[in-house]
Amino acid sequence: MYPSSIPGPICVEGGMLSEEAIREKVELAGRKALEYKEKGFHCSESVFLAINEVLQITDPRMVKAITGFHGGGGSHRLDPNVDMTKLLAGVAAGYQEVGDDGVPIVQVRHLCGALAACIMCTSLLYGRTSPDDDLTCVDELCYELHRRFQEELGHNECKFLREIWVPKTPDGSCSHIYRTGAQIGVDVILHAPQLVRECRPRHEIAPESIPCAAREAVPGR
């Protein structure tokens, strides 16, 4: 459910981010995810690009690191001559489905690509650079992402999410999952210091490449 009911301001460049501003960023992330979907990006890519654009986490070309998570972690062509890119574009757009006649591909459909993108963005902000760094912040946030997907969308695996939402979505695609997934990711990241006390801002300043919302919460700093 959006917006989040967690009260209080969040640290951002130049001051504190109000709950109203957080709601705006959450909604913007959802819209951006759908925009990237319309451009032809898949679930993992669209959600990563949307969260990254809203929060300015890293170079957007890093999207390549999450590409393989779409479709629940990969696809396999049953016909070596098939144009997999074209077929998968049709599946993502909602006018074809894996398993239909004439669609000679199978997909893994394990962890939802949108959830994987949320985890990746969270890890880029709160992950470790040393084995001595504390895992509490990033692990608790990733657990929260799983919980929110279960609560908001009914599951965290691609196969079951498609079964739930594709029939309910007017265009017969995962667009609702794209939008809601990006919203969950931004909401959890911006509320990280309130969700997990180990993510609370610290006095030491982290590298300038990390946004203020996470800068002082980098483990080990």
# chains A, B, ... in the order shown; residues from 1 in each chain; ligands from 1
call {"tool": "residues_around", "arguments": {"residues": "range 38-51 of chain A", "least_positions_apart": "4", "cutoff": "10 Å", "atoms": "only C-alpha atoms", "output": "MDAnalysis selection string"}}
result
chainID A and resid 25:26 28:34 55:73 88:93 112:122 174:175 177:187 189
call {"tool": "residues_around", "arguments": {"residues": "Trp165 in chain A", "least_positions_apart": "4", "cutoff": "9 Å", "atoms": "only C-alpha atoms", "output": "count of residues only"}}
result
10
call {"tool": "residues_around", "arguments": {"residues": "Pro104 in chain A", "least_positions_apart": "3", "cutoff": "12 Å", "atoms": "only C-alpha atoms", "output": "ChimeraX atom specification"}}
result
/A:75-84,86-88,91,96-101,107
call {"tool": "select_by_dssp", "arguments": {"residues": "range 7-216 of chain A", "states": "helix (DSSP H, G or I)", "output": "VMD selection string"}}
result
chain A and resid 19 to 39 43 to 55 60 to 65 67 to 72 84 to 93 113 to 126 136 to 153 158 to 168 175 to 190 192 to 195 197 to 199 212 to 215
call {"tool": "write_last_selection", "arguments": {"atoms": "C-alpha atoms", "output": "compact mmCIF listing (two decimals), in the first residue's frame"}}
result
# COMPACT_ATOMS: atom_id res chain seq x y z
CA GLU A 19 6.96 12.02 3.66
CA GLU A 20 5.19 13.93 0.91
CA ALA A 21 8.43 14.12 -1.07
CA ILE A 22 9.03 10.40 -0.49
CA ARG A 23 5.54 9.62 -1.80
CA GLU A 24 6.31 11.65 -4.91
CA LYS A 25 9.53 9.72 -5.50
CA VAL A 26 7.75 6.42 -4.93
CA GLU A 27 5.07 7.29 -7.48
CA LEU A 28 7.66 8.63 -9.92
CA ALA A 29 9.58 5.35 -9.74
CA GLY A 30 6.43 3.46 -10.67
CA ARG A 31 5.82 5.67 -13.68
CA LYS A 32 9.44 5.45 -14.78
CA ALA A 33 9.35 1.65 -14.62
CA LEU A 34 6.42 1.63 -17.06
CA GLU A 35 8.20 4.11 -19.32
CA TYR A 36 11.24 1.85 -19.50
CA LYS A 37 8.95 -1.11 -20.17
CA GLU A 38 7.45 0.76 -23.12
CA LYS A 39 10.96 1.33 -24.47
CA CYS A 43 11.21 -6.34 -15.68
CA SER A 44 14.61 -6.46 -13.99
CA GLU A 45 16.00 -3.77 -16.29
CA SER A 46 12.99 -1.45 -16.09
CA VAL A 47 12.81 -1.54 -12.30
CA PHE A 48 16.56 -1.07 -11.90
CA LEU A 49 16.59 1.87 -14.32
CA ALA A 50 13.56 3.45 -12.65
CA ILE A 51 14.95 3.22 -9.11
CA ASN A 52 18.37 4.33 -10.29
CA GLU A 53 16.97 7.35 -12.12
CA VAL A 54 14.90 8.47 -9.13
CA LEU A 55 17.66 7.94 -6.54
CA PRO A 60 22.68 3.60 -15.65
CA ARG A 61 24.83 1.41 -17.90
CA MET A 62 25.09 -0.89 -14.89
CA VAL A 63 21.66 -2.14 -15.98
CA LYS A 64 23.54 -4.87 -17.86
CA ALA A 65 24.33 -6.46 -14.48
CA THR A 67 19.51 -8.13 -17.39
CA GLY A 68 19.81 -11.88 -16.84
CA PHE A 69 17.33 -11.79 -13.96
CA HIS A 70 14.33 -11.04 -16.19
CA GLY A 71 11.88 -13.88 -16.62
CA GLY A 72 12.88 -15.22 -13.24
CA MET A 84 14.71 -14.97 -28.75
CA THR A 85 14.87 -11.19 -28.36
CA LYS A 86 11.76 -10.71 -30.50
CA LEU A 87 9.83 -13.52 -28.84
CA LEU A 88 10.65 -12.34 -25.33
CA ALA A 89 9.64 -8.81 -26.29
CA GLY A 90 6.25 -10.24 -27.21
CA VAL A 91 6.00 -12.07 -23.90
CA ALA A 92 6.91 -8.90 -21.98
CA ALA A 93 4.41 -6.84 -23.97
CA GLY A 113 13.24 -9.84 -11.86
CA ALA A 114 11.65 -6.73 -10.37
CA LEU A 115 12.52 -7.96 -6.87
CA ALA A 116 16.05 -8.82 -7.98
CA ALA A 117 16.44 -5.24 -9.23
CA CYS A 118 15.27 -3.86 -5.88
CA ILE A 119 17.79 -6.07 -4.09
CA MET A 120 20.56 -4.97 -6.41
CA CYS A 121 19.82 -1.27 -5.87
CA THR A 122 19.68 -1.81 -2.12
CA SER A 123 22.98 -3.68 -2.19
CA LEU A 124 24.67 -0.96 -4.23
CA LEU A 125 23.76 1.50 -1.48
CA TYR A 126 24.14 -0.62 1.64
CA THR A 136 22.59 -6.37 9.33
CA CYS A 137 21.48 -3.34 7.34
CA VAL A 138 21.54 -4.85 3.85
CA ASP A 139 20.19 -8.23 4.92
CA GLU A 140 17.28 -6.78 6.88
CA LEU A 141 16.38 -4.46 4.01
CA CYS A 142 16.45 -7.30 1.48
CA TYR A 143 14.28 -9.40 3.79
CA GLU A 144 11.88 -6.46 3.97
CA LEU A 145 11.77 -6.30 0.18
CA HIS A 146 10.74 -9.96 0.05
CA ARG A 147 8.10 -9.33 2.71
CA ARG A 148 6.70 -6.35 0.86
CA PHE A 149 6.48 -8.27 -2.42
CA GLN A 150 4.63 -11.06 -0.64
CA GLU A 151 2.31 -8.55 1.03
CA GLU A 152 1.70 -6.20 -1.90
CA LEU A 153 1.82 -8.63 -4.82
CA CYS A 158 8.03 -14.87 -11.38
CA LYS A 159 5.88 -17.91 -12.19
CA PHE A 160 3.31 -17.27 -9.48
CA LEU A 161 3.31 -13.50 -9.87
CA ARG A 162 2.50 -13.90 -13.56
CA GLU A 163 -0.32 -16.29 -12.72
CA ILE A 164 -1.77 -13.74 -10.29
CA TRP A 165 -1.32 -10.48 -12.18
CA VAL A 166 -1.15 -11.10 -15.93
CA PRO A 167 -4.86 -12.10 -16.12
CA LYS A 168 -5.81 -9.02 -14.06
CA SER A 175 3.08 -3.97 -15.94
CA HIS A 176 1.50 -3.91 -12.47
CA ILE A 177 4.52 -5.80 -11.12
CA TYR A 178 6.94 -3.41 -12.84
CA ARG A 179 5.23 -0.38 -11.31
CA THR A 180 4.64 -1.78 -7.83
CA GLY A 181 8.10 -3.34 -7.65
CA ALA A 182 9.83 -0.03 -8.40
CA GLN A 183 7.64 1.70 -5.83
CA ILE A 184 8.47 -0.85 -3.15
CA GLY A 185 12.19 -0.54 -3.88
CA VAL A 186 12.27 3.25 -3.54
CA ASP A 187 10.04 3.22 -0.47
CA VAL A 188 12.22 0.71 1.37
CA ILE A 189 15.48 2.45 0.43
CA LEU A 190 14.29 5.89 1.49
CA ALA A 192 16.05 2.36 5.47
CA PRO A 193 17.31 4.27 8.55
CA GLN A 194 13.86 3.97 10.12
CA LEU A 195 13.28 0.35 9.17
CA ARG A 197 18.52 0.86 13.23
CA GLU A 198 21.86 -0.29 11.82
CA CYS A 199 21.02 1.74 8.70
CA CYS A 212 22.68 11.32 1.26
CA ALA A 213 19.83 8.90 2.01
CA ALA A 214 22.44 6.15 2.27
CA ARG A 215 25.72 8.05 2.54
call {"tool": "atom_distance", "arguments": {"atom1": "CA of Val106 in chain A", "atom2": "CA of Gly94 in chain A"}}
result
15.8 Å
call {"tool": "decode", "arguments": {"residues": "range 80-105 of chain A", "atoms": "N, CA and C atoms", "output": "PDB file, in the first residue's frame"}}
result
ATOM      1  N   PRO A  80      16.829 -23.547 -32.292  1.00  0.00           N
ATOM      2  CA  PRO A  80      18.043 -22.733 -32.406  1.00  0.00           C
ATOM      3  C   PRO A  80      17.926 -21.574 -33.387  1.00  0.00           C
ATOM      4  N   ASN A  81      16.909 -21.594 -34.225  1.00  0.00           N
ATOM      5  CA  ASN A  81      16.741 -20.535 -35.215  1.00  0.00           C
ATOM      6  C   ASN A  81      15.778 -19.438 -34.767  1.00  0.00           C
ATOM      7  N   VAL A  82      15.231 -19.583 -33.568  1.00  0.00           N
ATOM      8  CA  VAL A  82      14.249 -18.614 -33.099  1.00  0.00           C
ATOM      9  C   VAL A  82      14.925 -17.295 -32.734  1.00  0.00           C
ATOM     10  N   ASP A  83      14.221 -16.194 -32.961  1.00  0.00           N
ATOM     11  CA  ASP A  83      14.689 -14.872 -32.546  1.00  0.00           C
ATOM     12  C   ASP A  83      14.231 -14.667 -31.105  1.00  0.00           C
ATOM     13  N   MET A  84      15.097 -15.018 -30.154  1.00  0.00           N
ATOM     14  CA  MET A  84      14.711 -14.973 -28.750  1.00  0.00           C
ATOM     15  C   MET A  84      14.366 -13.558 -28.300  1.00  0.00           C
ATOM     16  N   THR A  85      15.126 -12.576 -28.761  1.00  0.00           N
ATOM     17  CA  THR A  85      14.874 -11.191 -28.363  1.00  0.00           C
ATOM     18  C   THR A  85      13.473 -10.752 -28.773  1.00  0.00           C
ATOM     19  N   LYS A  86      13.088 -11.081 -30.002  1.00  0.00           N
ATOM     20  CA  LYS A  86      11.764 -10.705 -30.501  1.00  0.00           C
ATOM     21  C   LYS A  86      10.658 -11.441 -29.755  1.00  0.00           C
ATOM     22  N   LEU A  87      10.844 -12.737 -29.539  1.00  0.00           N
ATOM     23  CA  LEU A  87       9.828 -13.518 -28.841  1.00  0.00           C
ATOM     24  C   LEU A  87       9.642 -13.037 -27.402  1.00  0.00           C
ATOM     25  N   LEU A  88      10.748 -12.787 -26.723  1.00  0.00           N
ATOM     26  CA  LEU A  88      10.653 -12.338 -25.333  1.00  0.00           C
ATOM     27  C   LEU A  88      10.061 -10.938 -25.234  1.00  0.00           C
ATOM     28  N   ALA A  89      10.279 -10.121 -26.258  1.00  0.00           N
ATOM     29  CA  ALA A  89       9.635  -8.806 -26.289  1.00  0.00           C
ATOM     30  C   ALA A  89       8.122  -8.976 -26.356  1.00  0.00           C
ATOM     31  N   GLY A  90       7.678  -9.966 -27.120  1.00  0.00           N
ATOM     32  CA  GLY A  90       6.250 -10.244 -27.209  1.00  0.00           C
ATOM     33  C   GLY A  90       5.679 -10.743 -25.903  1.00  0.00           C
ATOM     34  N   VAL A  91       6.440 -11.576 -25.207  1.00  0.00           N
ATOM     35  CA  VAL A  91       5.998 -12.066 -23.896  1.00  0.00           C
ATOM     36  C   VAL A  91       5.889 -10.907 -22.915  1.00  0.00           C
ATOM     37  N   ALA A  92       6.910 -10.039 -22.899  1.00  0.00           N
ATOM     38  CA  ALA A  92       6.907  -8.901 -21.975  1.00  0.00           C
ATOM     39  C   ALA A  92       5.777  -7.929 -22.280  1.00  0.00           C
ATOM     40  N   ALA A  93       5.456  -7.777 -23.569  1.00  0.00           N
ATOM     41  CA  ALA A  93       4.405  -6.843 -23.970  1.00  0.00           C
ATOM     42  C   ALA A  93       3.009  -7.392 -23.710  1.00  0.00           C
ATOM     43  N   GLY A  94       2.908  -8.707 -23.518  1.00  0.00           N
ATOM     44  CA  GLY A  94       1.622  -9.292 -23.183  1.00  0.00           C
ATOM     45  C   GLY A  94       0.863  -9.906 -24.336  1.00  0.00           C
ATOM     46  N   TYR A  95       1.448  -9.920 -25.541  1.00  0.00           N
ATOM     47  CA  TYR A  95       0.704 -10.516 -26.650  1.00  0.00           C
ATOM     48  C   TYR A  95       1.190 -11.906 -27.024  1.00  0.00           C
ATOM     49  N   GLN A  96       2.131 -12.446 -26.263  1.00  0.00           N
ATOM     50  CA  GLN A  96       2.528 -13.839 -26.384  1.00  0.00           C
ATOM     51  C   GLN A  96       2.784 -14.376 -24.986  1.00  0.00           C
ATOM     52  N   GLU A  97       2.746 -15.690 -24.845  1.00  0.00           N
ATOM     53  CA  GLU A  97       2.997 -16.294 -23.543  1.00  0.00           C
ATOM     54  C   GLU A  97       3.839 -17.539 -23.727  1.00  0.00           C
ATOM     55  N   VAL A  98       4.818 -17.694 -22.843  1.00  0.00           N
ATOM     56  CA  VAL A  98       5.628 -18.903 -22.862  1.00  0.00           C
ATOM     57  C   VAL A  98       4.709 -20.099 -22.633  1.00  0.00           C
ATOM     58  N   GLY A  99       4.834 -21.100 -23.484  1.00  0.00           N
ATOM     59  CA  GLY A  99       3.962 -22.270 -23.401  1.00  0.00           C
ATOM     60  C   GLY A  99       2.886 -22.270 -24.462  1.00  0.00           C
ATOM     61  N   ASP A 100       2.609 -21.084 -25.061  1.00  0.00           N
ATOM     62  CA  ASP A 100       1.644 -21.029 -26.152  1.00  0.00           C
ATOM     63  C   ASP A 100       2.212 -21.728 -27.384  1.00  0.00           C
ATOM     64  N   ASP A 101       1.329 -22.186 -28.260  1.00  0.00           N
ATOM     65  CA  ASP A 101       1.778 -22.756 -29.528  1.00  0.00           C
ATOM     66  C   ASP A 101       2.559 -21.705 -30.301  1.00  0.00           C
ATOM     67  N   GLY A 102       3.676 -22.113 -30.871  1.00  0.00           N
ATOM     68  CA  GLY A 102       4.471 -21.186 -31.663  1.00  0.00           C
ATOM     69  C   GLY A 102       5.421 -20.337 -30.856  1.00  0.00           C
ATOM     70  N   VAL A 103       5.540 -20.581 -29.551  1.00  0.00           N
ATOM     71  CA  VAL A 103       6.491 -19.841 -28.705  1.00  0.00           C
ATOM     72  C   VAL A 103       7.505 -20.859 -28.168  1.00  0.00           C
ATOM     73  N   PRO A 104       8.529 -21.165 -28.965  1.00  0.00           N
ATOM     74  CA  PRO A 104       9.470 -22.244 -28.620  1.00  0.00           C
ATOM     75  C   PRO A 104      10.562 -21.824 -27.636  1.00  0.00           C
ATOM     76  N   ILE A 105      10.156 -21.324 -26.485  1.00  0.00           N
ATOM     77  CA  ILE A 105      11.110 -20.988 -25.431  1.00  0.00           C
ATOM     78  C   ILE A 105      10.546 -21.429 -24.089  1.00  0.00           C
TER      79      ILE A 105
END
